[in-house]
>>> print(open('run00.cif').read())   # mmCIF, C-alpha atoms and all ligand atoms
data_model
#
loop_
_atom_site.label_atom_id
_atom_site.label_comp_id
_atom_site.auth_asym_id
_atom_site.auth_seq_id
_atom_site.Cartn_x
_atom_site.Cartn_y
_atom_site.Cartn_z
CA MET A 148 17.63 -67.75 -198.71
CA ALA A 149 17.24 -71.50 -198.98
CA ARG A 150 13.87 -72.94 -198.14
CA ILE A 151 13.44 -74.59 -194.76
CA LEU A 152 13.76 -78.38 -194.62
CA PRO A 153 11.97 -79.18 -191.36
CA TYR A 154 12.53 -82.01 -188.92
CA ARG A 155 9.68 -84.48 -188.57
CA ARG A 156 7.17 -84.20 -185.73
CA PRO A 157 6.94 -87.09 -183.27
CA HIS A 158 4.60 -89.94 -184.19
CA PRO A 159 1.37 -89.67 -182.11
CA GLU A 160 1.66 -91.01 -178.55
CA THR A 161 5.34 -91.93 -178.90
CA GLN A 162 6.17 -88.94 -176.70
CA PRO A 163 4.65 -88.35 -173.26
CA ARG A 164 1.91 -85.83 -172.65
CA TYR A 165 2.79 -83.16 -170.14
CA LEU A 166 0.07 -84.10 -167.68
CA HIS A 167 0.45 -87.66 -166.39
CA SER A 168 -1.22 -87.62 -162.98
CA PRO A 169 0.37 -90.87 -161.68
CA TYR A 170 3.60 -88.81 -161.70
CA ALA A 171 2.48 -86.25 -159.13
CA SER A 172 4.97 -83.53 -160.06
CA THR A 173 3.29 -83.10 -163.45
CA ILE A 174 0.03 -81.93 -161.87
CA LYS A 175 1.13 -78.38 -161.08
CA ARG A 176 3.79 -78.12 -163.76
CA ALA A 177 2.05 -79.31 -166.93
CA PRO A 178 0.69 -76.40 -168.99
CA ALA A 179 -3.10 -76.31 -169.06
CA LYS A 180 -3.30 -74.98 -172.61
CA PRO A 181 -2.18 -76.92 -175.67
CA PRO A 182 1.07 -75.76 -177.26
CA VAL A 183 0.80 -73.47 -180.29
CA TYR A 184 1.81 -75.26 -183.49
CA LEU A 185 4.87 -73.50 -184.90
CA PRO A 186 6.24 -74.35 -188.35
CA GLN A 187 10.01 -74.60 -188.03
CA THR A 188 11.99 -71.53 -189.04
CA LEU A 189 15.71 -70.90 -189.31
CA SER A 190 15.69 -70.55 -185.51
CA GLU A 191 14.52 -74.13 -185.02
CA ILE A 192 16.50 -75.94 -187.76
CA THR A 193 19.76 -74.51 -186.45
CA GLY A 194 21.12 -75.26 -182.99
CA PRO A 195 24.20 -75.40 -180.80
CA SER A 196 27.21 -77.61 -181.43
CA PHE A 197 30.00 -78.49 -179.03
CA PRO A 198 33.21 -79.02 -180.97
CA ASN A 199 35.42 -77.92 -178.07
CA VAL A 200 34.05 -80.22 -175.40
CA VAL A 201 36.86 -82.31 -173.95
CA THR A 202 35.92 -85.97 -173.87
CA ASP A 203 38.86 -87.59 -172.13
CA ILE A 204 38.89 -90.90 -170.30
CA LYS A 205 37.49 -89.31 -167.14
CA ALA A 206 34.50 -88.04 -169.10
CA THR A 207 33.53 -91.42 -170.52
CA ASP A 208 34.74 -93.77 -167.76
CA LEU A 209 32.79 -93.01 -164.59
CA THR A 210 34.83 -95.57 -162.66
CA ARG A 211 38.06 -93.57 -163.11
CA GLN A 212 37.13 -90.16 -161.80
CA HIS A 213 38.60 -90.69 -158.32
CA HIS A 214 41.64 -92.30 -156.77
CA GLY A 215 39.87 -95.50 -155.81
CA ASP A 216 37.42 -97.80 -157.54
CA PRO A 217 33.70 -97.25 -157.02
CA LEU A 218 31.63 -100.06 -155.55
CA GLY A 219 29.19 -101.97 -157.69
CA GLU A 220 28.86 -103.99 -160.83
CA ARG A 221 30.89 -102.55 -163.71
CA ILE A 222 28.97 -102.12 -166.95
CA ILE A 223 29.62 -100.84 -170.45
CA VAL A 224 26.83 -98.68 -171.88
CA SER A 225 27.22 -98.05 -175.56
CA GLY A 226 25.16 -97.49 -178.66
CA ARG A 227 24.55 -95.18 -181.56
CA VAL A 228 22.76 -91.89 -182.03
CA ILE A 229 20.92 -92.06 -185.34
CA ASP A 230 18.03 -90.25 -186.97
CA GLU A 231 14.70 -91.81 -187.90
CA ASP A 232 16.12 -92.80 -191.30
CA GLY A 233 19.02 -94.64 -189.69
CA ARG A 234 21.64 -92.02 -190.50
CA PRO A 235 24.34 -91.59 -187.84
CA LEU A 236 24.49 -88.28 -186.00
CA ARG A 237 28.13 -87.29 -185.63
CA GLN A 238 29.62 -85.08 -182.93
CA ALA A 239 26.39 -85.26 -180.93
CA LEU A 240 26.95 -84.29 -177.28
CA ILE A 241 25.65 -86.86 -174.80
CA GLU A 242 25.61 -86.14 -171.06
CA ILE A 243 24.69 -88.78 -168.51
CA TRP A 244 24.04 -88.81 -164.77
CA GLN A 245 23.03 -91.56 -162.39
CA ALA A 246 22.83 -92.86 -158.83
CA ASN A 247 25.65 -94.98 -157.43
CA ALA A 248 25.40 -98.74 -156.96
CA ALA A 249 23.49 -98.24 -153.70
CA GLY A 250 20.87 -96.04 -155.34
CA ARG A 251 22.15 -92.72 -153.98
CA TYR A 252 22.86 -89.56 -155.97
CA LEU A 253 25.69 -87.21 -155.11
CA HIS A 254 23.17 -84.40 -154.66
CA GLU A 255 22.21 -82.34 -151.62
CA SER A 256 18.49 -82.99 -152.05
CA ASP A 257 18.86 -86.77 -152.22
CA GLN A 258 17.83 -87.88 -148.72
CA HIS A 259 17.83 -91.62 -149.39
CA GLN A 260 19.44 -93.48 -146.46
CA ALA A 261 21.93 -95.28 -148.68
CA PRO A 262 25.67 -94.62 -148.61
CA LEU A 263 27.46 -92.19 -150.87
CA ASP A 264 30.48 -93.64 -152.61
CA PRO A 265 33.57 -91.43 -152.28
CA ASN A 266 34.83 -92.90 -155.54
CA PHE A 267 31.75 -92.23 -157.63
CA THR A 268 30.34 -88.92 -158.85
CA GLY A 269 27.88 -90.33 -161.39
CA CYS A 270 28.27 -87.97 -164.32
CA GLY A 271 29.89 -88.31 -167.72
CA HIS A 272 29.78 -86.96 -171.23
CA ALA A 273 30.80 -88.01 -174.73
CA LEU A 274 30.66 -86.91 -178.35
CA THR A 275 29.50 -89.46 -180.91
CA ASP A 276 32.03 -90.58 -183.51
CA ASN A 277 31.65 -90.65 -187.29
CA GLU A 278 29.31 -93.64 -187.07
CA GLY A 279 27.22 -92.00 -184.37
CA LYS A 280 28.68 -94.33 -181.73
CA TYR A 281 29.29 -93.56 -178.07
CA ARG A 282 30.56 -95.66 -175.16
CA PHE A 283 30.60 -95.20 -171.38
CA VAL A 284 32.09 -97.33 -168.60
CA THR A 285 30.19 -97.04 -165.33
CA VAL A 286 28.57 -99.05 -162.55
CA ARG A 287 25.03 -100.35 -162.61
CA PRO A 288 22.94 -97.82 -160.68
CA GLY A 289 20.79 -99.00 -157.78
CA ALA A 290 17.03 -98.60 -157.56
CA TYR A 291 15.96 -95.85 -155.17
CA PRO A 292 12.84 -94.81 -153.26
CA TRP A 293 11.05 -91.54 -153.98
CA GLY A 294 8.10 -89.69 -152.51
CA ASN A 295 5.63 -89.92 -155.37
CA HIS A 296 3.31 -92.37 -153.58
CA HIS A 297 3.48 -94.93 -150.77
CA ASN A 298 6.41 -97.32 -151.26
CA ALA A 299 7.42 -95.74 -154.55
CA TRP A 300 10.71 -96.92 -156.08
CA ARG A 301 12.40 -95.87 -159.29
CA PRO A 302 13.71 -98.75 -161.38
CA ALA A 303 17.46 -98.62 -162.07
CA HIS A 304 18.12 -96.02 -164.74
CA ILE A 305 20.70 -93.71 -166.27
CA HIS A 306 19.68 -90.19 -167.33
CA PHE A 307 20.70 -89.17 -170.87
CA SER A 308 20.76 -85.68 -172.39
CA VAL A 309 21.37 -85.57 -176.15
CA PHE A 310 21.81 -82.65 -178.55
CA GLY A 311 20.86 -83.40 -182.15
CA PRO A 312 21.87 -81.14 -185.04
CA ALA A 313 19.16 -78.52 -184.44
CA PHE A 314 17.13 -76.82 -181.72
CA ALA A 315 14.20 -78.92 -183.00
CA THR A 316 16.11 -82.11 -182.13
CA ARG A 317 16.79 -82.03 -178.40
CA LEU A 318 16.14 -84.97 -176.14
CA VAL A 319 16.46 -85.80 -172.47
CA THR A 320 15.53 -89.34 -171.55
CA GLN A 321 16.30 -92.25 -169.21
CA MET A 322 17.78 -95.67 -170.00
CA TYR A 323 16.50 -98.73 -168.15
CA PHE A 324 17.55 -102.38 -167.71
CA SER A 325 15.60 -105.35 -169.00
CA GLY A 326 13.97 -107.59 -166.44
CA ASP A 327 13.76 -104.88 -163.80
CA PRO A 328 10.75 -105.88 -161.65
CA LEU A 329 10.00 -102.20 -160.88
CA LEU A 330 9.34 -101.19 -164.50
CA PRO A 331 5.60 -102.04 -164.57
CA PHE A 332 5.04 -99.87 -161.48
CA ASP A 333 7.03 -96.79 -162.43
CA PRO A 334 4.88 -93.80 -163.45
CA ILE A 335 7.77 -92.14 -165.25
CA PHE A 336 8.71 -95.14 -167.39
CA ASN A 337 5.02 -95.69 -168.13
CA CYS A 338 4.17 -92.08 -169.01
CA THR A 339 4.24 -92.72 -172.76
CA ALA A 340 1.11 -94.28 -174.26
CA ASP A 341 2.84 -96.23 -177.03
CA GLU A 342 4.17 -99.48 -175.57
CA GLY A 343 6.78 -99.98 -178.27
CA ALA A 344 8.13 -96.48 -177.71
CA ARG A 345 8.34 -97.13 -173.95
CA ASN A 346 10.16 -100.39 -174.39
CA ARG A 347 12.83 -98.80 -176.55
CA LEU A 348 14.02 -97.08 -173.37
CA ILE A 349 15.14 -100.48 -172.08
CA SER A 350 18.74 -101.23 -172.94
CA VAL A 351 19.66 -104.57 -174.49
CA PHE A 352 22.17 -106.91 -172.90
CA ASP A 353 25.05 -107.18 -175.36
CA TRP A 354 27.69 -109.95 -175.42
CA GLU A 355 29.64 -108.05 -178.07
CA THR A 356 30.51 -105.16 -175.80
CA THR A 357 30.88 -107.28 -172.68
CA ILE A 358 34.52 -107.42 -171.51
CA PRO A 359 35.46 -110.89 -170.19
CA SER A 360 36.22 -110.90 -166.46
CA GLN A 361 35.45 -107.16 -166.23
CA ALA A 362 32.13 -105.72 -167.26
CA LEU A 363 28.78 -106.64 -168.81
CA GLY A 364 27.70 -104.71 -171.88
CA TYR A 365 24.36 -102.97 -172.46
CA ARG A 366 23.38 -101.36 -175.73
CA PHE A 367 21.17 -98.28 -175.89
CA ASP A 368 20.54 -96.68 -179.27
CA ILE A 369 19.04 -93.21 -179.38
CA VAL A 370 16.89 -92.05 -182.29
CA MET A 371 16.41 -88.37 -183.10
CA SER A 372 13.86 -86.83 -185.48
CA GLY A 373 14.55 -87.35 -189.17
CA ARG A 374 14.10 -84.77 -191.85
CA GLU A 375 11.02 -84.20 -193.96
CA ALA A 376 11.49 -85.39 -197.52
CA THR A 377 10.57 -82.06 -199.10
CA PRO A 378 10.90 -78.43 -198.03
CA MET A 379 8.00 -76.92 -196.16
CA GLU A 380 5.05 -75.69 -198.21
CA ARG A 381 4.60 -71.96 -198.08
CA MET B 278 14.65 -99.24 -191.73
CA SER B 279 13.24 -96.38 -189.77
CA SER B 280 11.93 -96.01 -186.25
CA ASN B 281 10.43 -93.20 -184.28
CA ALA B 282 12.42 -90.76 -182.21
CA THR B 283 13.27 -91.96 -178.73
CA THR B 284 10.74 -91.16 -176.02
CA SER B 285 11.48 -88.23 -173.72
CA GLN B 286 11.69 -88.60 -169.93
CA THR B 287 11.91 -86.01 -167.19
CA ILE B 288 15.30 -84.66 -166.13
CA GLY B 289 14.25 -85.45 -162.55
CA PRO B 290 15.48 -83.61 -159.45
CA PHE B 291 19.18 -84.52 -159.72
CA PHE B 292 20.05 -83.22 -163.19
CA SER B 293 22.63 -80.78 -161.86
CA ILE B 294 25.04 -83.71 -161.49
CA GLY B 295 25.10 -84.10 -165.25
CA MET B 296 23.89 -80.84 -166.75
CA CYS B 297 25.46 -78.20 -164.53
CA ARG B 298 29.01 -79.07 -165.59
CA SER B 299 28.39 -76.65 -168.45
CA ILE B 300 26.33 -73.76 -167.13
CA LYS B 301 26.51 -70.78 -169.45
CA GLN B 302 24.81 -67.60 -168.25
CA ASN B 303 26.92 -65.01 -170.04
CA LEU B 304 26.90 -65.18 -173.83
CA ALA B 305 28.28 -61.68 -174.34
CA ASP B 306 32.07 -61.80 -174.13
CA ALA B 307 33.84 -58.44 -174.33
CA ASN B 308 34.53 -58.70 -178.05
CA VAL B 309 31.02 -59.75 -179.08
CA SER B 310 29.15 -57.00 -180.94
CA GLY B 311 25.65 -55.84 -180.07
CA GLU B 312 23.48 -54.33 -177.39
CA ARG B 313 23.99 -56.01 -174.00
CA VAL B 314 20.87 -57.22 -172.22
CA ASN B 315 20.44 -58.85 -168.83
CA ILE B 316 17.32 -60.98 -168.75
CA GLU B 317 16.00 -62.10 -165.38
CA GLY B 318 12.88 -63.73 -164.10
CA ARG B 319 11.33 -66.63 -162.27
CA VAL B 320 9.88 -70.00 -163.17
CA LEU B 321 6.54 -70.53 -161.39
CA ASP B 322 4.16 -73.48 -161.22
CA GLY B 323 0.35 -73.65 -161.28
CA ASP B 324 0.17 -72.53 -157.64
CA ARG B 325 2.58 -69.64 -158.31
CA GLN B 326 5.19 -71.49 -156.32
CA PRO B 327 8.80 -71.13 -157.48
CA VAL B 328 10.31 -73.99 -159.46
CA PRO B 329 13.83 -74.41 -158.03
CA ASP B 330 14.71 -77.44 -160.14
CA ALA B 331 14.35 -76.16 -163.68
CA ILE B 332 16.98 -75.41 -166.29
CA LEU B 333 16.60 -73.25 -169.39
CA GLU B 334 18.55 -73.64 -172.60
CA ILE B 335 18.58 -70.73 -175.01
CA TRP B 336 19.57 -70.38 -178.67
CA GLN B 337 19.82 -67.16 -180.62
CA ALA B 338 21.39 -65.40 -183.59
CA ASN B 339 24.20 -62.87 -183.22
CA SER B 340 23.61 -59.12 -183.47
CA HIS B 341 23.73 -59.35 -187.28
CA GLY B 342 20.95 -61.96 -187.36
CA LYS B 343 23.24 -64.89 -188.15
CA TYR B 344 23.20 -68.29 -186.44
CA ALA B 345 26.44 -70.13 -185.66
CA HIS B 346 25.28 -73.17 -187.63
CA PRO B 347 26.16 -74.56 -191.07
CA GLU B 348 22.56 -74.38 -192.30
CA ASP B 349 22.43 -70.62 -191.89
CA ASP B 350 23.64 -69.63 -195.36
CA GLN B 351 22.73 -65.94 -195.09
CA ASP B 352 25.39 -63.52 -196.26
CA LYS B 353 25.93 -62.01 -192.81
CA PRO B 354 28.98 -61.96 -190.52
CA ARG B 355 29.62 -64.76 -188.06
CA GLU B 356 31.38 -63.97 -184.81
CA ALA B 357 33.87 -66.51 -183.54
CA ASN B 358 33.23 -65.57 -179.91
CA PHE B 359 29.47 -65.87 -180.07
CA THR B 360 27.95 -69.35 -179.99
CA GLY B 361 24.37 -68.23 -179.34
CA TYR B 362 23.84 -71.01 -176.78
CA GLY B 363 23.22 -70.67 -173.06
CA ARG B 364 22.23 -72.99 -170.21
CA ILE B 365 20.71 -71.38 -167.15
CA PRO B 366 19.43 -73.12 -163.98
CA THR B 367 16.90 -71.66 -161.56
CA ASN B 368 17.86 -71.10 -157.93
CA ILE B 369 16.00 -72.03 -154.73
CA GLU B 370 13.58 -69.12 -155.32
CA GLY B 371 12.92 -70.17 -158.90
CA LYS B 372 14.95 -67.22 -160.15
CA PHE B 373 17.23 -67.21 -163.17
CA HIS B 374 19.26 -64.59 -165.01
CA PHE B 375 21.51 -64.42 -168.03
CA THR B 376 23.46 -61.86 -170.03
CA THR B 377 23.47 -61.78 -173.78
CA ILE B 378 23.20 -59.40 -176.74
CA LYS B 379 19.98 -58.52 -178.50
CA PRO B 380 19.88 -60.77 -181.56
CA GLY B 381 19.46 -59.41 -185.08
CA GLN B 382 16.53 -60.38 -187.25
CA VAL B 383 16.41 -63.72 -189.05
CA PRO B 384 14.07 -64.71 -191.90
CA ASP B 385 10.82 -66.62 -191.47
CA PRO B 386 9.86 -69.40 -193.91
CA ASP B 387 8.34 -66.81 -196.28
CA GLY B 388 11.58 -64.86 -196.39
CA LYS B 389 10.23 -61.97 -194.31
CA LEU B 390 12.16 -60.93 -191.23
CA GLN B 391 11.10 -62.24 -187.83
CA ALA B 392 11.30 -59.89 -184.87
CA PRO B 393 14.42 -60.33 -182.70
CA HIS B 394 13.89 -63.35 -180.48
CA ILE B 395 15.59 -66.01 -178.37
CA VAL B 396 14.29 -69.59 -178.51
CA VAL B 397 14.07 -71.36 -175.16
CA SER B 398 13.88 -74.98 -174.00
CA VAL B 399 12.57 -75.55 -170.47
CA PHE B 400 13.42 -78.69 -168.52
CA ALA B 401 12.33 -79.45 -164.96
CA ARG B 402 11.42 -82.18 -162.56
CA GLY B 403 7.79 -82.88 -163.40
CA LEU B 404 8.19 -82.01 -167.08
CA LEU B 405 8.12 -85.27 -169.00
CA ARG B 406 9.15 -83.43 -172.17
CA ARG B 407 10.88 -80.12 -172.62
CA LEU B 408 8.71 -77.05 -173.15
CA VAL B 409 9.62 -74.69 -175.96
CA THR B 410 8.98 -70.96 -175.90
CA ARG B 411 10.45 -67.69 -177.19
CA ILE B 412 11.59 -64.42 -175.65
CA TYR B 413 10.86 -61.22 -177.62
CA PHE B 414 11.95 -57.67 -176.84
CA PRO B 415 9.84 -54.68 -175.72
CA ASP B 416 9.22 -51.61 -177.91
CA GLU B 417 10.12 -53.57 -181.01
CA PRO B 418 8.03 -52.54 -184.03
CA ALA B 419 8.75 -55.84 -185.79
CA ASN B 420 6.79 -57.70 -183.08
CA ASP B 421 3.52 -56.66 -184.72
CA SER B 422 4.21 -58.61 -187.90
CA ASP B 423 6.26 -61.48 -186.46
CA PHE B 424 5.68 -64.96 -187.93
CA ALA B 425 5.42 -66.79 -184.59
CA LEU B 426 3.68 -64.06 -182.55
CA LYS B 427 0.93 -63.90 -185.16
CA LEU B 428 0.17 -67.57 -184.50
CA VAL B 429 -0.63 -66.71 -180.86
CA GLU B 430 -3.94 -65.24 -179.77
CA PRO B 431 -3.37 -61.53 -179.09
CA SER B 432 -4.28 -61.70 -175.39
CA ARG B 433 -1.45 -64.19 -174.75
CA ARG B 434 1.33 -62.60 -176.81
CA GLY B 435 2.51 -60.53 -173.86
CA THR B 436 3.76 -63.68 -172.11
CA LEU B 437 6.47 -63.91 -174.76
CA ILE B 438 7.68 -60.29 -174.57
CA ALA B 439 10.22 -59.34 -171.93
CA LYS B 440 9.47 -56.17 -169.93
CA LYS B 441 11.65 -53.23 -169.07
CA VAL B 442 12.56 -52.92 -165.41
CA ALA B 443 12.09 -49.49 -163.85
CA GLY B 444 15.51 -47.96 -163.21
CA GLY B 445 17.37 -50.95 -164.65
CA VAL B 446 19.51 -50.03 -167.63
CA GLY B 447 19.79 -52.96 -170.00
CA VAL B 448 17.74 -55.15 -167.68
CA LEU B 449 14.67 -56.99 -168.88
CA GLU B 450 12.25 -59.14 -166.89
CA TRP B 451 10.69 -62.25 -168.36
CA ASN B 452 8.82 -64.74 -166.20
CA LEU B 453 7.96 -68.27 -167.13
CA ILE B 454 4.62 -69.47 -165.80
CA LEU B 455 4.14 -73.16 -166.38
CA GLN B 456 0.42 -73.35 -165.70
CA GLY B 457 -2.58 -71.13 -165.05
CA SER B 458 -4.76 -68.48 -166.65
CA ASP B 459 -1.72 -66.37 -167.53
CA GLU B 460 0.58 -69.26 -168.36
CA THR B 461 3.40 -68.66 -170.81
CA VAL B 462 2.74 -69.56 -174.43
CA PHE B 463 4.58 -72.74 -175.41
CA PHE B 464 5.19 -73.88 -178.95
CA ASP B 465 5.00 -77.28 -180.59
CA CYS B 466 7.97 -77.23 -182.94
CA GLY B 467 9.11 -80.85 -183.06
CA LEU B 468 10.77 -83.33 -180.70
FE FE C 501 17.06 -90.62 -161.49
#
>>> encode(input="run00.cif", output="structure tokens", more="lines below")
Ligand SMILES: [Fe+2]
Amino acid sequence: MARILPYRRPHPETQPRYLHSPYASTIKRAPAKPPVYLPQTLSEITGPSFPNVVTDIKATDLTRQHHGDPLGERIIVSGRVIDEDGRPLRQALIEIWQANAAGRYLHESDQHQAPLDPNFTGCGHALTDNEGKYRFVTVRPGAYPWGNHHNAWRPAHIHFSVFGPAFATRLVTQMYFSGDPLLPFDPIFNCTADEGARNRLISVFDWETTIPSQALGYRFDIVMSGREATPMER
Amino acid sequence: MSSNATTSQTIGPFFSIGMCRSIKQNLADANVSGERVNIEGRVLDGDRQPVPDAILEIWQANSHGKYAHPEDDQDKPREANFTGYGRIPTNIEGKFHFTTIKPGQVPDPDGKLQAPHIVVSVFARGLLRRLVTRIYFPDEPANDSDFALKLVEPSRRGTLIAKKVAGGVGVLEWNLILQGSDETVFFDCGL
């Protein structure tokens, strides 16, 4: 049996703590006890893969899932999934979901008084290519109110779920837009202590992926844990 | 150049739009070998209220103790019809259930065998990062010497071991308590 080559642990304060009281839902859901440190075993350095997922045009172009065109500003969201050493992660499954241009989700518990768009579902998925690249076409999501505190609004964001190569590399996050005036007031965006880590959730406007006369481009790179340099000490 | 792993954010309340396209609650197709088990339970918060907007992801070895992953180089059979992965949402009452086979034993970092277990990721509105835990099986002698269980104080180990259900053949109950004096043990194992 080969020795275990673990994935690195997150750098301190670059990941949120479970309890972040400005985000009220954490108060009754954050564990009270600290997690038990577990050295990675074969169970954690292996993980699911999704070679049979179909990633056709409807999966990656959220503006083409219905007969008509959705309302809103068309955008291209693209980037790479890499590890902490800059190596591309290939065949990584990315799933995204988002509100429509008016800030409304196609979800029964979304009670926001903004219109649904019959031509927009707001979900997509992709597998990264050999360079770790992915690309979605969608519309810019609207900001939306939520019940966390008086006059609470979420900044515009797209939810991302990413599977790395192992159970130990699994990430769900949110992508934001630069210059959004709501960012400084959002308890979810601000839940991570490290400012640099927070700001890497903000996508970068990108002329290179912008399509003239059609859609503005935004780049969002996703970094997953790298590997330790040497096998775990016994 | 290197940078730190991207910061986690909550899945929020509307994740079913993106994550429920690929629900998988039955891992045990007809031609998968092993002992069938139905595992059911609830996800509860610090007030013992059900958590209706959580989703579990599970990962496990097949009945021979082999993972469907290139880094498992053990000389054990793989099964084409068993991926070892499941994705299970809770319902309005916080309940979940899934069907799988009891996994075989896999080695720990010292080369000794771990007790049969399923690793679990927990996502929910209000969880800014996933929680990681494990499900073990009742009446399993290997539990006493298991690598991960031994890291847990004895009084809390029971939160990781599923329980038999009276009268239920092949049914196990395992509840996930996010917070409180009897909260489930969660592990820090990486991202
Ligand atoms: Fe959202």
>>> atom_distance(input="run00.cif", atom1="atom CA of Thr283 of chain B", atom2="atom CA of Pro312 of chain A")
15.2 Å
>>> interface_residues(input="run00.cif", of="chain A", to="chain B", cutoff="7 Å", atoms="only C-alpha atoms", output="PyMOL selection string")
chain A and resi 148+150-151+154-158+161-163+165+172-173+175-179+182-189+193-195+231-233+242-244+254+270-271+315-321+344-345+369-372+381
>>> residues_around(input="run00.cif", residues="Gln245 of chain A", least_positions_apart="6", cutoff="7 Å", atoms="only C-alpha atoms", output="list in words")
Tyr252, Gly269, Cys270, Pro288, Ile305 and His306 of chain A
>>> atom_distance(input="run00.cif", atom1="atom CA of Leu449 of chain B", atom2="atom CA of Ser308 of chain A")
29.5 Å
>>> atom_distance(input="run00.cif", atom1="atom CA of Asn247 of chain A", atom2="atom FE of ligand FE 501 (chain C)")
10.5 Å
>>> closest_residue(input="run00.cif", among="A:Thr356, A:Gln238, A:Thr268, A:Gln361", to="Thr202 of chain A", atoms="only C-alpha atoms")
A:Gln238
>>> residues_around(input="run00.cif", residues="segment 208-223 of chain A", least_positions_apart="6", cutoff="9 Å", atoms="all atoms listed in the file", output="VMD selection string")
chain A and resid 247 to 249 264 to 271 282 to 289 356 to 358 361 to 366
>>> closest_residue(input="run00.cif", among="A:Phe324, A:Phe310, A:Trp293, A:Phe197", to="ligand FE 501 (chain C)", atoms="all atoms listed in the file")
A:Trp293
>>> residues_near_point(input="run00.cif", point="(16.7, -68.0, -164.2)", cutoff="8 Å", atoms="all atoms listed in the file", output="PyMOL selection string")
chain B and resi 317-320+332-333+365-368+371-375
>>> closest_residue(input="run00.cif", among="A:Glu160, A:Asp257, A:Glu191, A:Glu355", to="ligand FE 501 (chain C)", atoms="all atoms listed in the file")
A:Asp257
>>> residues_near_point(input="run00.cif", point="(22.6, -90.9, -184.5)", cutoff="7 Å", atoms="all atoms listed in the file", output="count of residues only")
12
>>> axis_aligned_box(input="run00.cif", around="segment 343-355 of chain B", padding_each_side="4 Å", output="AutoDock Vina command-line options")
--center_x 26.0 --center_y -68.3 --center_z -191.0 --size_x 15.2 --size_y 20.6 --size_z 18.6
